[in-house]
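Novice: If it helps, the file is called model26.cif and holds mmCIF, C-alpha atoms:
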```cif
data_target
#
loop_
_atom_site.group_PDB
_atom_site.id
_atom_site.type_symbol
_atom_site.label_atom_id
_atom_site.label_comp_id
_atom_site.auth_asym_id
_atom_site.auth_seq_id
_atom_site.Cartn_x
_atom_site.Cartn_y
_atom_site.Cartn_z
ATOM 1 C CA MET A 137 -36.401 11.313 -18.879
ATOM 2 C CA GLN A 138 -32.745 10.925 -17.903
ATOM 3 C CA SER A 139 -32.449 14.654 -17.291
ATOM 4 C CA VAL A 140 -35.495 14.664 -14.963
ATOM 5 C CA LYS A 141 -33.968 11.882 -12.817
ATOM 6 C CA LYS A 142 -30.660 13.709 -12.715
ATOM 7 C CA ARG A 143 -32.395 16.939 -11.707
ATOM 8 C CA LYS A 144 -34.277 15.141 -8.886
ATOM 9 C CA ARG A 145 -31.029 13.625 -7.580
ATOM 10 C CA VAL A 146 -29.332 17.017 -7.605
ATOM 11 C CA GLN A 147 -32.334 18.581 -5.868
ATOM 12 C CA SER A 148 -32.331 15.777 -3.268
ATOM 13 C CA ALA A 149 -28.603 16.277 -2.662
ATOM 14 C CA PHE A 150 -29.144 20.014 -2.119
ATOM 15 C CA GLU A 151 -31.983 19.287 0.325
ATOM 16 C CA TRP A 152 -29.711 16.938 2.295
ATOM 17 C CA MET A 153 -26.927 19.539 2.320
ATOM 18 C CA ASP A 154 -29.389 22.216 3.458
ATOM 19 C CA ALA A 155 -30.591 19.986 6.317
ATOM 20 C CA LEU A 156 -27.027 19.127 7.320
ATOM 21 C CA VAL A 157 -25.864 22.758 7.318
ATOM 22 C CA SER A 158 -28.946 23.782 9.327
ATOM 23 C CA ALA A 159 -28.275 21.043 11.896
ATOM 24 C CA VAL A 160 -24.628 22.111 12.264
ATOM 25 C CA ILE A 161 -25.641 25.752 12.754
ATOM 26 C CA ILE A 162 -28.200 24.775 15.412
ATOM 27 C CA VAL A 163 -25.645 22.640 17.283
ATOM 28 C CA VAL A 164 -23.081 25.467 17.206
ATOM 29 C CA LEU A 165 -25.654 27.964 18.517
ATOM 30 C CA LEU A 166 -26.736 25.580 21.297
ATOM 31 C CA PHE A 167 -23.158 24.984 22.428
ATOM 32 C CA THR A 168 -22.351 28.695 22.225
ATOM 33 C CA PHE A 169 -25.353 30.136 24.032
ATOM 34 C CA LEU A 170 -26.987 27.381 26.085
ATOM 35 C CA PHE A 171 -24.384 24.873 27.218
ATOM 36 C CA ARG A 172 -20.985 23.357 26.617
ATOM 37 C CA THR A 173 -19.296 20.058 27.382
ATOM 38 C CA ILE A 174 -16.294 19.614 29.629
ATOM 39 C CA GLY A 175 -14.231 16.699 30.890
ATOM 40 C CA VAL A 176 -13.430 16.003 34.533
ATOM 41 C CA GLU A 177 -9.720 15.868 35.327
ATOM 42 C CA GLY A 178 -8.632 14.512 38.693
ATOM 43 C CA THR A 179 -10.321 13.054 41.753
ATOM 44 C CA SER A 180 -11.330 16.119 43.796
ATOM 45 C CA MET A 181 -15.050 15.510 43.158
ATOM 46 C CA VAL A 182 -15.168 11.777 43.981
ATOM 47 C CA PRO A 183 -17.711 10.205 44.614
ATOM 48 C CA THR A 184 -19.961 12.629 42.695
ATOM 49 C CA LEU A 185 -17.708 12.830 39.623
ATOM 50 C CA ALA A 186 -14.734 10.780 38.500
ATOM 51 C CA ASN A 187 -11.692 11.413 36.334
ATOM 52 C CA GLY A 188 -12.732 11.153 32.671
ATOM 53 C CA ASP A 189 -16.438 11.930 33.139
ATOM 54 C CA ARG A 190 -17.901 14.173 30.406
ATOM 55 C CA LEU A 191 -20.384 16.817 31.572
ATOM 56 C CA ILE A 192 -22.856 19.262 30.097
ATOM 57 C CA VAL A 193 -22.417 22.682 31.683
ATOM 58 C CA SER A 194 -25.175 25.291 31.429
ATOM 59 C CA HIS A 195 -24.408 28.984 31.804
ATOM 60 C CA LEU A 196 -27.544 30.653 30.469
ATOM 61 C CA PHE A 197 -29.189 32.765 33.221
ATOM 62 C CA TYR A 198 -27.090 30.978 35.866
ATOM 63 C CA ARG A 199 -27.036 32.362 39.401
ATOM 64 C CA PRO A 200 -24.713 30.656 41.954
ATOM 65 C CA THR A 201 -26.492 28.680 44.665
ATOM 66 C CA PRO A 202 -25.021 26.656 47.543
ATOM 67 C CA GLY A 203 -24.849 22.983 46.613
ATOM 68 C CA ASP A 204 -24.349 23.562 42.883
ATOM 69 C CA VAL A 205 -21.498 21.762 41.146
ATOM 70 C CA VAL A 206 -19.812 24.397 38.994
ATOM 71 C CA VAL A 207 -16.997 24.741 36.490
ATOM 72 C CA ILE A 208 -14.533 27.545 37.245
ATOM 73 C CA VAL A 209 -11.869 29.077 35.017
ATOM 74 C CA GLN A 210 -8.703 30.438 36.545
ATOM 75 C CA PRO A 211 -7.595 33.324 34.306
ATOM 76 C CA GLU A 212 -4.261 33.854 36.058
ATOM 77 C CA SER A 213 -3.407 30.145 35.936
ATOM 78 C CA ASP A 214 -2.191 27.805 33.210
ATOM 79 C CA THR A 215 -4.300 24.976 34.642
ATOM 80 C CA PRO A 216 -7.546 23.924 32.981
ATOM 81 C CA ALA A 217 -10.955 24.705 34.415
ATOM 82 C CA ILE A 218 -11.719 23.182 37.814
ATOM 83 C CA ILE A 219 -14.935 21.582 39.023
ATOM 84 C CA LYS A 220 -16.098 22.204 42.598
ATOM 85 C CA ARG A 221 -19.261 22.450 44.712
ATOM 86 C CA ILE A 222 -20.472 25.831 45.977
ATOM 87 C CA ILE A 223 -20.580 25.771 49.772
ATOM 88 C CA ALA A 224 -21.443 29.424 50.428
ATOM 89 C CA VAL A 225 -22.258 32.605 48.512
ATOM 90 C CA GLU A 226 -21.600 36.281 49.218
ATOM 91 C CA GLY A 227 -22.331 37.382 52.766
ATOM 92 C CA GLN A 228 -22.351 33.883 54.234
ATOM 93 C CA THR A 229 -19.848 32.814 56.899
ATOM 94 C CA VAL A 230 -18.056 29.472 56.593
ATOM 95 C CA ASP A 231 -16.420 27.684 59.497
ATOM 96 C CA ILE A 232 -14.777 24.253 59.460
ATOM 97 C CA ASN A 233 -14.139 22.097 62.522
ATOM 98 C CA PHE A 234 -11.198 20.021 61.318
ATOM 99 C CA SER A 235 -11.280 17.829 64.460
ATOM 100 C CA PHE A 236 -14.823 16.622 63.723
ATOM 101 C CA GLY A 237 -14.676 17.162 59.959
ATOM 102 C CA THR A 238 -17.798 19.328 59.838
ATOM 103 C CA VAL A 239 -18.510 22.376 57.701
ATOM 104 C CA THR A 240 -20.754 25.113 59.073
ATOM 105 C CA VAL A 241 -22.393 27.912 57.081
ATOM 106 C CA ASP A 242 -23.992 30.762 59.050
ATOM 107 C CA GLY A 243 -23.934 28.635 62.210
ATOM 108 C CA GLN A 244 -25.647 25.591 60.620
ATOM 109 C CA VAL A 245 -23.696 22.342 60.160
ATOM 110 C CA LEU A 246 -24.135 21.214 56.555
ATOM 111 C CA GLU A 247 -25.740 17.851 55.756
ATOM 112 C CA GLU A 248 -23.205 16.593 53.239
ATOM 113 C CA ASP A 249 -24.243 13.143 52.074
ATOM 114 C CA TYR A 250 -22.369 13.764 48.798
ATOM 115 C CA ILE A 251 -18.831 13.921 50.270
ATOM 116 C CA ASN A 252 -16.280 11.119 50.144
ATOM 117 C CA GLU A 253 -15.164 11.637 53.756
ATOM 118 C CA PRO A 254 -15.362 14.313 56.488
ATOM 119 C CA THR A 255 -13.238 17.454 56.113
ATOM 120 C CA TYR A 256 -10.060 16.850 58.121
ATOM 121 C CA MET A 257 -7.512 18.493 55.781
ATOM 122 C CA LYS A 258 -6.677 22.070 56.735
ATOM 123 C CA ARG A 259 -5.025 24.388 54.242
ATOM 124 C CA ASP A 260 -3.658 27.921 54.740
ATOM 125 C CA VAL A 261 -6.975 29.833 55.099
ATOM 126 C CA ASP A 262 -7.997 30.643 58.679
ATOM 127 C CA PHE A 263 -11.623 30.066 59.666
ATOM 128 C CA PRO A 264 -14.260 31.362 60.088
ATOM 129 C CA VAL A 265 -14.388 33.374 56.845
ATOM 130 C CA THR A 266 -17.119 35.526 55.357
ATOM 131 C CA VAL A 267 -17.586 35.311 51.596
ATOM 132 C CA PRO A 268 -17.078 38.751 50.005
ATOM 133 C CA GLN A 269 -19.563 40.353 47.627
ATOM 134 C CA GLY A 270 -19.506 38.851 44.135
ATOM 135 C CA CYS A 271 -17.687 35.688 45.267
ATOM 136 C CA VAL A 272 -18.399 32.087 46.262
ATOM 137 C CA PHE A 273 -16.664 29.598 48.565
ATOM 138 C CA VAL A 274 -16.121 26.225 46.857
ATOM 139 C CA MET A 275 -14.908 22.790 47.936
ATOM 140 C CA GLY A 276 -14.396 19.449 46.249
ATOM 141 C CA ASP A 277 -16.484 16.470 47.398
ATOM 142 C CA ASN A 278 -13.287 14.474 48.006
ATOM 143 C CA ARG A 279 -12.426 16.946 50.767
ATOM 144 C CA ASN A 280 -9.049 15.646 51.874
ATOM 145 C CA ARG A 281 -7.746 15.416 48.296
ATOM 146 C CA SER A 282 -9.122 18.675 46.921
ATOM 147 C CA LEU A 283 -7.477 22.017 46.305
ATOM 148 C CA ASP A 284 -10.284 24.516 46.851
ATOM 149 C CA SER A 285 -11.273 27.699 48.726
ATOM 150 C CA ARG A 286 -9.522 26.430 51.883
ATOM 151 C CA ASP A 287 -6.262 27.229 50.074
ATOM 152 C CA SER A 288 -5.242 30.806 49.236
ATOM 153 C CA SER A 289 -4.123 29.704 45.746
ATOM 154 C CA ILE A 290 -7.839 29.215 44.928
ATOM 155 C CA GLY A 291 -9.455 31.300 47.672
ATOM 156 C CA MET A 292 -12.817 32.910 47.235
ATOM 157 C CA VAL A 293 -13.908 32.548 43.613
ATOM 158 C CA ASP A 294 -15.147 35.589 41.741
ATOM 159 C CA GLN A 295 -18.563 34.733 40.252
ATOM 160 C CA ARG A 296 -17.413 36.088 36.881
ATOM 161 C CA TYR A 297 -15.066 33.085 36.624
ATOM 162 C CA ILE A 298 -17.860 30.517 36.906
ATOM 163 C CA LEU A 299 -18.411 28.999 33.449
ATOM 164 C CA GLY A 300 -21.677 27.464 34.574
ATOM 165 C CA LYS A 301 -23.400 24.735 36.505
ATOM 166 C CA ALA A 302 -22.656 21.086 35.715
ATOM 167 C CA VAL A 303 -26.127 19.715 35.021
ATOM 168 C CA PHE A 304 -25.748 16.393 33.210
ATOM 169 C CA ARG A 305 -23.197 13.578 32.892
ATOM 170 C CA LEU A 306 -22.853 12.305 29.305
ATOM 171 C CA PHE A 307 -20.104 9.753 29.883
ATOM 172 C CA PRO A 308 -19.525 7.075 31.109
ATOM 173 C CA PHE A 309 -22.788 5.743 29.710
ATOM 174 C CA GLN A 310 -23.550 3.573 32.750
ATOM 175 C CA LYS A 311 -23.586 6.756 34.903
ATOM 176 C CA ILE A 312 -25.428 9.024 32.444
ATOM 177 C CA GLY A 313 -27.846 11.406 34.144
ATOM 178 C CA LEU A 314 -28.418 14.579 36.147
ATOM 179 C CA ILE A 315 -25.736 15.826 38.546
ATOM 180 C CA GLU A 316 -26.790 16.607 42.074
#
```
The structure given in the file should be rewritten as structure tokens.

Specialist:
Amino acid sequence: MQSVKKRKRVQSAFEWMDALVSAVIIVVLLFTFLFRTIGVEGTSMVPTLANGDRLIVSHLFYRPTPGDVVVIVQPESDTPAIIKRIIAVEGQTVDINFSFGTVTVDGQVLEEDYINEPTYMKRDVDFPVTVPQGCVFVMGDNRNRSLDSRDSSIGMVDQRYILGKAVFRLFPFQKIGLIE
């Protein structure tokens, strides 16, 4: 009788271990192939994102689209990944009127209800510019406090350096939800 109880406890422990190991493997596969989490550092995406926000980034079958908030790695830099919004993709022409603070893509002024303030800060890139093949033009939503494609140190971003699209905010809990 004692040995049967002991055997059942051992069997139950193995079942729990099996379930735990399976769950860990599934989580690792999800984070490897479907999405990853990343933290926001800095204020270049205010008001959309704030310093310390935690995001889920999806990279499976991702194709860059204007308006997407993306995470970009900079292989030649020691800085961590940056988070910016895609303004234009290959073949599109971007122009910025720094007097009025407006951004134009292919002759159309963008409706940018997501920005913190109009774009008055000029960097060292001369406009208009046409986005080369395989690249995107990105800007932060906090335009006058963002280092982005207006500066030659970032410039046009090669699509291969896009980790993925930021799709969901995990933290802070009061702001949890989809990112637009």

Novice: Write out as lines of an AutoDock Vina configuration file an axis-aligned box for stretch 222-234 of chain A: all of its atoms listed in the file, 6 Å added on each side, centre and edge lengths in Å with one decimal.

Specialist:
```
center_x = -16.8
center_y = 28.7
center_z = 54.2
size_x = 23.2
size_y = 29.4
size_z = 28.5
```

Novice: What would the selection look like, as a list in words, if the PyMOL selection byres ((chain A and resi 181) around 8) were run on the coordinates I just shared?

Specialist: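 Selected by the PyMOL selection byres ((chain A and resi 181) around 8) in this file: Gly178, Thr179, Ser180, Val182, Pro183, Thr184, Leu185, Ala186, Ile219, Lys220, Gly276, Asp277, Asn278 and Ser282 of chain A.
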
Novice: To one decimal in Å, tell me the separation between atom CA of A:Ile208 and atom CA of A:Asp294.

Specialist: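 We find that atom CA of A:Ile208 and atom CA of A:Asp294 lie 9.2 Å from each other.
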
Novice: Any chance you could resolve the PyMOL selection byres ((chain A and resi 230-242) around 12) against this file and give the residues as a PyMOL selection string?

Specialist: chain A and resi 202-203+222-229+243-249+251-259+261-268+272-275+279-280+285-286+292

Novice: What gap, in Å, lies between atom CA of A:Ile174 and atom CA of A:Glu316?

Specialist: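 Taking atom CA of A:Ile174 and atom CA of A:Glu316, their separation equals 16.6 Å.
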
Novice: Any idea what's packed within 10 Å of A:Gly313, counting all atoms listed in the file, ignoring anything in its chain fewer than 6 positions away? Could you give it as a list in words?

Specialist: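 Skipping anything fewer than 6 positions along the chain leaves Leu191, Val303, Phe304, Arg305, Leu306 and Phe307 of chain A.
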
Novice: Of the candidates A:Ser158, A:Trp152, A:Gln295, A:Phe171, which one gets nearest to A:Ser194 if we count all atoms listed in the file?

Specialist: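 Once distances to A:Ser194 are computed over all atoms listed in the file, the minimum belongs to A:Phe171.
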
Novice: Determine the nearest neighbour of A:Thr201 from the options A:Gly188, A:Gly175, A:Pro308, A:Gly300, counting all atoms listed in the file.

Specialist: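 Closest to A:Thr201 of all the choices is A:Gly300.
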
Novice: Have a look at atom CA of A:Lys144 and atom CA of A:Val157 and let me know their distance in Å, one decimal.

Specialist: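 Separating atom CA of A:Lys144 from atom CA of A:Val157 is a distance of 19.8 Å.
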
Novice: Tell me which residues the PyMOL selection byres ((chain A and resi 207) around 8) grabs here, as a list in words.

Specialist: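 Applied to this file, the PyMOL selection byres ((chain A and resi 207) around 8) returns Val193, Val205, Val206, Ile208, Val209, Ala217, Ile218, Ile219, Lys220, Ile298, Leu299, Gly300, Lys301 and Ala302 of chain A.
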
Novice: For A:Lys311, which residue out of A:Arg190, A:Gln210, A:Arg143, A:Val163 is the nearest one, using all atoms listed in the file?

Specialist: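 Under the stated criterion, the closest residue is A:Arg190.
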